[in-house]
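Quick notes on the structure that follows.
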Amino acid sequence: MDAVVIQTSGPPAQSLAYRSEPVPQPSPGEVLVEVHAAAVNPLDVANAAGLIGTPLPMIPGGDFAGIVVSDGDHTGQEVWGCGPSLGLAIGVKRPGTHARFVALPETWLSRKPARLTMTEAAAIGRSYLTAWQTVINAMKLMPGETILITGGAGMVGQAATAIARWRGAEPIVADVRRPDGVEHFIDTSSSDIREAVLELTGGRGADLALDTVGGALFEPALRSLRFDGRMAGIFSAPEPVDFTPAEVYNRQLHVTGLASVFMDGADVARIFDQLRPLFDRGFLAPRP
């Protein structure tokens with residue numbers, strides 16, 4: 001089969017090769033999926049650069065949309081999803097989705113939304129998985145709440161914004177670029193995030209914050225929360241962040257993080273099962 005292979009660590013032009021690889025053979029309880037589309041995420045770039053420590057050579061890629069081609073109950077089924085540890089060798093070594101075929105456990109399968117093309121379904125993957133796991137499962141966003149989303153113009157930020165609107169919550173997007181259709185926007189290059197959030201919330205502060213950027217934005221996002229507010233982070237730049245823990249203690253804040261690569265594939269499939277009807281009914285839509 002045709003496949004992209006990380007053969008050595010470095011810039012993509014040096015580290016990646018496009019070559020023929022053996023078709024993976026599914027083990028008991030697994031299926032073979034013909035990949036029709038697969039996304040490229042920042043995690044894949046970091047993997048190719050050698051920042052994750054993946055043993056090489058390795059086929060990268062976690063997001064996919066395709067058709068089950070192996071014999072069994074799922075034959076011919078159109079599926080989509082994200083294998084969080086695919087192509088990374090975290091736990092079991094599993095080649096990724098940047099190939100014509102990928103072998104997956106049956107429990108990792110989720111039927112593709114009929115309304116989406118293969119390309120649209122593959123491009124949703126990790127961004128909507130991350131947004132759903134943080135905003136819905138971890139932070140329990142409720143109707144009527146306000147959520148601050150730093151890096152809201154990115155794919156995860158846009159997914160979180162869409163999910164918040166579906167949930168009946170009010171998103172406040174903070175970034176250097178205003179995404180289309182965003183009502184409450186804070187320009188992080190020229191505005192004080194905390195002051196802007198307080199103004200937009202009548203001095204109360206945000207109920208939740210999703211920090212997709214970290215670094216210099218972590219502390220102002222934290223300070224933008226109301227008393228007993230919740231915050232989840234998914235990324236931070238390598239430079240240290242300067243903040244006082246008293247900010248958390250004195251205002252009884254709840255702060256957590258997400259390392260999506262360690263999520264169980266079956267749990268991920270259940271998230272995609274929940275997302276499918278939202279896309280099929282038009283409550284959520286793929287970004288261009």
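Ligands are numbered from 1 in the order shown, residues from 1 within each chain, and chains are lettered A, B, ... in the order they appear in the structure tokens.
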Please identify all polymer residues within 8 Å of Val35 (chain A), counting only C-alpha atoms, omitting same-chain residues fewer than 2 positions from it, and present them as an MDAnalysis selection string. chainID A and resid 33 37:38 64:67 97 99:102
Store the residues picked out above, limited to C-alpha atoms, as an mmCIF file, in the first residue's frame.
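See again.cif below for the written result:
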```
data_model
loop_
_atom_site.group_PDB
_atom_site.id
_atom_site.type_symbol
_atom_site.label_atom_id
_atom_site.label_comp_id
_atom_site.auth_asym_id
_atom_site.auth_seq_id
_atom_site.Cartn_x
_atom_site.Cartn_y
_atom_site.Cartn_z
ATOM 1 C CA VAL A 33 -10.174 0.250 7.216
ATOM 2 C CA ALA A 37 -9.041 10.877 3.950
ATOM 3 C CA ALA A 38 -6.720 11.671 6.863
ATOM 4 C CA PHE A 64 -9.338 9.320 9.511
ATOM 5 C CA ALA A 65 -12.474 8.637 7.499
ATOM 6 C CA GLY A 66 -12.884 5.514 5.404
ATOM 7 C CA ILE A 67 -14.618 2.198 4.787
ATOM 8 C CA THR A 97 -3.679 6.734 9.263
ATOM 9 C CA ALA A 99 -1.639 5.286 4.564
ATOM 10 C CA ARG A 100 -4.115 3.547 2.292
ATOM 11 C CA PHE A 101 -5.118 1.089 5.039
ATOM 12 C CA VAL A 102 -5.109 1.074 8.848
#
```
Give me, as JSON lines, each residue of region 164-213 of chain A that comes within 6 Å of region 233-256 of chain A, together with its shortest interatomic pair and the distance in Å at one decimal, counting only C-alpha atoms, with rows ordered by chain and rising residue number.
```
{"residue": "A:Leu210", "atom": "CA", "partner": "A:Gly233", "partner_atom": "CA", "distance": 5.9}
{"residue": "A:Asp211", "atom": "CA", "partner": "A:Gly233", "partner_atom": "CA", "distance": 4.7}
{"residue": "A:Thr212", "atom": "CA", "partner": "A:Ile234", "partner_atom": "CA", "distance": 5.4}
{"residue": "A:Val213", "atom": "CA", "partner": "A:Phe235", "partner_atom": "CA", "distance": 5.7}
```
Residue subset to file, keeping N, CA, C and O atoms, as a PDB file, in the first residue's frame:
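Printed below is selection.pdb as written:
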```pdb
ATOM      1  N   LEU A 210     -11.340  27.774  28.388  1.00  0.00           N
ATOM      2  CA  LEU A 210     -10.590  26.747  27.664  1.00  0.00           C
ATOM      3  C   LEU A 210      -9.366  27.429  27.075  1.00  0.00           C
ATOM      4  O   LEU A 210      -9.485  28.270  26.182  1.00  0.00           O
ATOM      5  N   ASP A 211      -8.191  27.076  27.592  1.00  0.00           N
ATOM      6  CA  ASP A 211      -6.942  27.691  27.150  1.00  0.00           C
ATOM      7  C   ASP A 211      -6.261  26.767  26.160  1.00  0.00           C
ATOM      8  O   ASP A 211      -5.689  25.742  26.539  1.00  0.00           O
ATOM      9  N   THR A 212      -6.329  27.114  24.872  1.00  0.00           N
ATOM     10  CA  THR A 212      -5.700  26.284  23.844  1.00  0.00           C
ATOM     11  C   THR A 212      -4.301  26.774  23.484  1.00  0.00           C
ATOM     12  O   THR A 212      -3.647  26.178  22.646  1.00  0.00           O
ATOM     13  N   VAL A 213      -3.856  27.871  24.124  1.00  0.00           N
ATOM     14  CA  VAL A 213      -2.588  28.501  23.764  1.00  0.00           C
ATOM     15  C   VAL A 213      -1.550  28.372  24.865  1.00  0.00           C
ATOM     16  O   VAL A 213      -0.396  28.031  24.622  1.00  0.00           O
TER      17      VAL A 213
END
```
Which residue is closest to Gly229 (chain A)? Choose from A:Ser260, A:Ile147, A:His184, A:Asp44 and count only C-alpha atoms. A:Ile147
As an exercise, work out the distance from CA of Trp80 (chain A) to CA of Val135 (chain A) in Å and give it to one decimal place. 21.1 Å
Residues near Gly205 (chain A), anyone? I mean within 10 Å using only C-alpha atoms, not counting same-chain ones fewer than 6 positions away, as a list in words.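 The residues satisfying every condition are Thr146, Ile147, Leu148, Arg194, Glu195, Ala196, Val197, Leu198, Glu199, Arg223, Ser224, Leu225, Arg226, Phe227 and Gly229 of chain A.
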Given the selection you just returned, output its residues as a file containing all heavy atoms, formatted as a tab-separated table (two decimals), in the first residue's frame.
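Dumped everything to again.tsv:
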```tsv
chain	number	residue	atom	x	y	z
A	146	THR	N	-20.99	31.22	30.56
A	146	THR	CA	-20.07	31.94	29.68
A	146	THR	C	-18.73	31.22	29.68
A	146	THR	O	-18.20	30.87	30.73
A	146	THR	CB	-19.87	33.38	30.17
A	146	THR	OG1	-21.13	34.05	30.19
A	146	THR	CG2	-18.93	34.14	29.25
A	147	ILE	N	-18.18	30.99	28.48
A	147	ILE	CA	-16.89	30.31	28.36
A	147	ILE	C	-15.92	31.18	27.57
A	147	ILE	O	-16.22	31.65	26.47
A	147	ILE	CB	-17.04	28.92	27.70
A	147	ILE	CG1	-15.66	28.26	27.51
A	147	ILE	CG2	-17.81	28.98	26.39
A	147	ILE	CD1	-15.71	26.81	27.07
A	148	LEU	N	-14.76	31.42	28.16
A	148	LEU	CA	-13.66	32.12	27.49
A	148	LEU	C	-12.81	31.09	26.76
A	148	LEU	O	-12.42	30.09	27.35
A	148	LEU	CB	-12.81	32.87	28.51
A	148	LEU	CG	-11.48	33.44	28.01
A	148	LEU	CD1	-11.71	34.55	27.00
A	148	LEU	CD2	-10.63	33.92	29.18
A	194	ARG	N	-8.48	39.97	31.01
A	194	ARG	CA	-9.30	39.96	32.21
A	194	ARG	C	-10.28	41.13	32.22
A	194	ARG	O	-11.47	40.97	32.51
A	194	ARG	CB	-8.43	40.01	33.47
A	194	ARG	CG	-9.22	40.03	34.76
A	194	ARG	CD	-8.30	40.00	35.98
A	194	ARG	NE	-9.07	40.01	37.21
A	194	ARG	CZ	-9.50	41.11	37.82
A	194	ARG	NH1	-9.21	42.31	37.30
A	194	ARG	NH2	-10.21	41.04	38.95
A	195	GLU	N	-9.79	42.32	31.92
A	195	GLU	CA	-10.66	43.49	31.92
A	195	GLU	C	-11.76	43.36	30.88
A	195	GLU	O	-12.92	43.74	31.13
A	195	GLU	CB	-9.84	44.75	31.66
A	195	GLU	CG	-8.89	45.13	32.79
A	195	GLU	CD	-9.64	45.37	34.10
A	195	GLU	OE1	-10.73	45.98	34.06
A	195	GLU	OE2	-9.12	44.97	35.16
A	196	ALA	N	-11.43	42.82	29.72
A	196	ALA	CA	-12.43	42.66	28.67
A	196	ALA	C	-13.49	41.64	29.06
A	196	ALA	O	-14.68	41.83	28.81
A	196	ALA	CB	-11.75	42.24	27.37
A	197	VAL	N	-13.06	40.54	29.70
A	197	VAL	CA	-14.02	39.53	30.14
A	197	VAL	C	-14.94	40.09	31.21
A	197	VAL	O	-16.16	39.87	31.19
A	197	VAL	CB	-13.28	38.28	30.67
A	197	VAL	CG1	-14.25	37.33	31.37
A	197	VAL	CG2	-12.59	37.54	29.52
A	198	LEU	N	-14.38	40.83	32.16
A	198	LEU	CA	-15.21	41.43	33.21
A	198	LEU	C	-16.24	42.38	32.62
A	198	LEU	O	-17.40	42.43	33.06
A	198	LEU	CB	-14.33	42.15	34.23
A	198	LEU	CG	-13.46	41.27	35.12
A	198	LEU	CD1	-12.59	42.13	36.03
A	198	LEU	CD2	-14.31	40.32	35.95
A	199	GLU	N	-15.84	43.12	31.60
A	199	GLU	CA	-16.77	44.05	30.97
A	199	GLU	C	-17.90	43.30	30.26
A	199	GLU	O	-19.07	43.69	30.33
A	199	GLU	CB	-16.03	44.94	29.97
A	199	GLU	CG	-16.92	45.97	29.29
A	199	GLU	CD	-16.15	46.88	28.36
A	199	GLU	OE1	-14.90	46.86	28.38
A	199	GLU	OE2	-16.81	47.62	27.59
A	223	ARG	N	-7.24	34.45	35.63
A	223	ARG	CA	-7.75	35.59	36.40
A	223	ARG	C	-9.09	36.10	35.87
A	223	ARG	O	-9.75	36.91	36.53
A	223	ARG	CB	-6.72	36.72	36.39
A	223	ARG	CG	-5.43	36.38	37.13
A	223	ARG	CD	-4.42	37.52	37.09
A	223	ARG	NE	-4.93	38.70	37.75
A	223	ARG	CZ	-5.09	39.88	37.16
A	223	ARG	NH1	-4.81	40.03	35.87
A	223	ARG	NH2	-5.55	40.92	37.84
A	224	SER	N	-9.50	35.61	34.70
A	224	SER	CA	-10.77	36.04	34.13
A	224	SER	C	-11.96	35.23	34.65
A	224	SER	O	-13.11	35.54	34.34
A	224	SER	CB	-10.72	35.91	32.60
A	224	SER	OG	-9.72	36.74	32.05
A	225	LEU	N	-11.67	34.19	35.43
A	225	LEU	CA	-12.74	33.33	35.93
A	225	LEU	C	-13.45	33.94	37.13
A	225	LEU	O	-12.86	34.66	37.92
A	225	LEU	CB	-12.17	31.96	36.33
A	225	LEU	CG	-11.63	31.08	35.21
A	225	LEU	CD1	-10.91	29.87	35.80
A	225	LEU	CD2	-12.76	30.63	34.28
A	226	ARG	N	-14.70	33.62	37.28
A	226	ARG	CA	-15.46	33.99	38.47
A	226	ARG	C	-15.02	33.10	39.64
A	226	ARG	O	-14.29	32.12	39.45
A	226	ARG	CB	-16.95	33.81	38.23
A	226	ARG	CG	-17.37	32.34	37.96
A	226	ARG	CD	-18.86	32.18	38.11
A	226	ARG	NE	-19.34	30.88	37.66
A	226	ARG	CZ	-19.29	29.76	38.36
A	226	ARG	NH1	-18.73	29.74	39.57
A	226	ARG	NH2	-19.78	28.63	37.88
A	227	PHE	N	-15.49	33.42	40.83
A	227	PHE	CA	-15.25	32.56	41.99
A	227	PHE	C	-15.84	31.18	41.69
A	227	PHE	O	-16.95	31.05	41.19
A	227	PHE	CB	-15.93	33.15	43.24
A	227	PHE	CG	-15.71	32.34	44.48
A	227	PHE	CD1	-14.56	32.51	45.25
A	227	PHE	CD2	-16.64	31.39	44.87
A	227	PHE	CE1	-14.36	31.76	46.39
A	227	PHE	CE2	-16.44	30.62	46.00
A	227	PHE	CZ	-15.28	30.81	46.77
A	229	GLY	N	-14.84	29.16	39.45
A	229	GLY	CA	-14.83	28.90	38.02
A	229	GLY	C	-13.97	27.70	37.66
A	229	GLY	O	-13.19	27.19	38.47
```
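Candidate residues A:Ile90, A:Leu43, A:Ala206, A:Ala216 were compared for distance to Glu145 (chain A), and the nearest is A:Ala206, using only C-alpha atoms.
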Residues of region 14-106 of chain A that have any atom at most 10 Å from an atom of region 269-275 of chain A: could you tabulate them with the shortest-distance atom pair and the distance in Å to one decimal, using only C-alpha atoms, ordered by chain and increasing number, as a tab-separated table?
```
residue	atom	partner	partner_atom	distance
A:Val79	CA	A:Phe272	CA	10.0
A:Trp80	CA	A:Phe272	CA	7.9
A:Gly81	CA	A:Phe272	CA	6.5
A:Cys82	CA	A:Ala269	CA	7.8
A:Gly83	CA	A:Ala269	CA	8.8
A:Glu106	CA	A:Ala269	CA	9.9
```
Please provide as a ChimeraX atom specification all residues within 6 Å of region 14-27 of chain A, with the sequence filter that same-chain residues fewer than 4 positions apart are discarded (counting only C-alpha atoms). /A:1-10,31,103
Write the residues you've just listed into a file as a tab-separated table (two decimals), in the first residue's frame, and include C-alpha atoms for each of them.
```tsv
chain	number	residue	atom	x	y	z
A	1	MET	CA	0.00	0.00	0.00
A	2	ASP	CA	1.03	3.63	-0.39
A	3	ALA	CA	1.99	5.29	2.88
A	4	VAL	CA	3.75	8.28	4.40
A	5	VAL	CA	6.55	7.13	6.72
A	6	ILE	CA	8.60	9.05	9.28
A	7	GLN	CA	12.05	7.65	8.53
A	8	THR	CA	14.18	10.11	10.51
A	9	SER	CA	13.45	13.02	12.82
A	10	GLY	CA	13.58	16.53	11.41
A	31	VAL	CA	-10.84	-4.55	11.42
A	103	ALA	CA	-5.94	-1.72	11.31
```
Any chance you could list, as a PyMOL selection string, the residues in region 95-161 of chain A that come up strand (DSSP E) when DSSP is run on the backbone? chain A and resi 101-105+146-150
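Backbone DSSP of region 199-273 of chain A yields alpha helix (DSSP H) at Glu199, Leu200, Phe218, Glu219, Pro220, Ala221, Leu222, Arg223, Ala246, Glu247, Val248, Tyr249, Gly265, Ala266, Asp267, Val268, Ala269, Arg270, Ile271, Phe272 and Asp273 of chain A.
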Determine, counting only C-alpha atoms, which protein, DNA and RNA residues have an atom within 8 Å of an atom of Gly168 (chain A); residues of the same chain fewer than 3 positions away are not included. Present the result as number ranges by chain. A: 142-145, 164-165
Just write the chosen residues, C-alpha atoms, as a PDB file, in the first residue's frame.
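Wrote it out as result.pdb, contents follow:
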```pdb
ATOM      1  CA  MET A 142     -24.182  24.184  31.031  1.00  0.00           C
ATOM      2  CA  PRO A 143     -26.733  26.298  29.141  1.00  0.00           C
ATOM      3  CA  GLY A 144     -26.491  29.967  30.051  1.00  0.00           C
ATOM      4  CA  GLU A 145     -22.855  29.810  31.147  1.00  0.00           C
ATOM      5  CA  ALA A 164     -20.761  26.030  23.255  1.00  0.00           C
ATOM      6  CA  ARG A 165     -23.389  27.595  21.009  1.00  0.00           C
TER       7      ARG A 165
END
```
In terms of the shortest atom-to-atom distance over only C-alpha atoms, which of A:Ala232, A:Val261, A:Val69, A:Ala39 is closest to Glu120 (chain A)?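 The closest residue to Glu120 (chain A) is A:Ala39.
Put simply, CA of Val45 (chain A) is 19.5 Å away from CA of Thr119 (chain A).
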Which is closest to Trp132 (chain A) among A:Gly29, A:Gly61, A:Gly202, A:Gly157, if we use only C-alpha atoms?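 Residue with the minimum atom-to-atom distance to Trp132 (chain A): A:Gly157.
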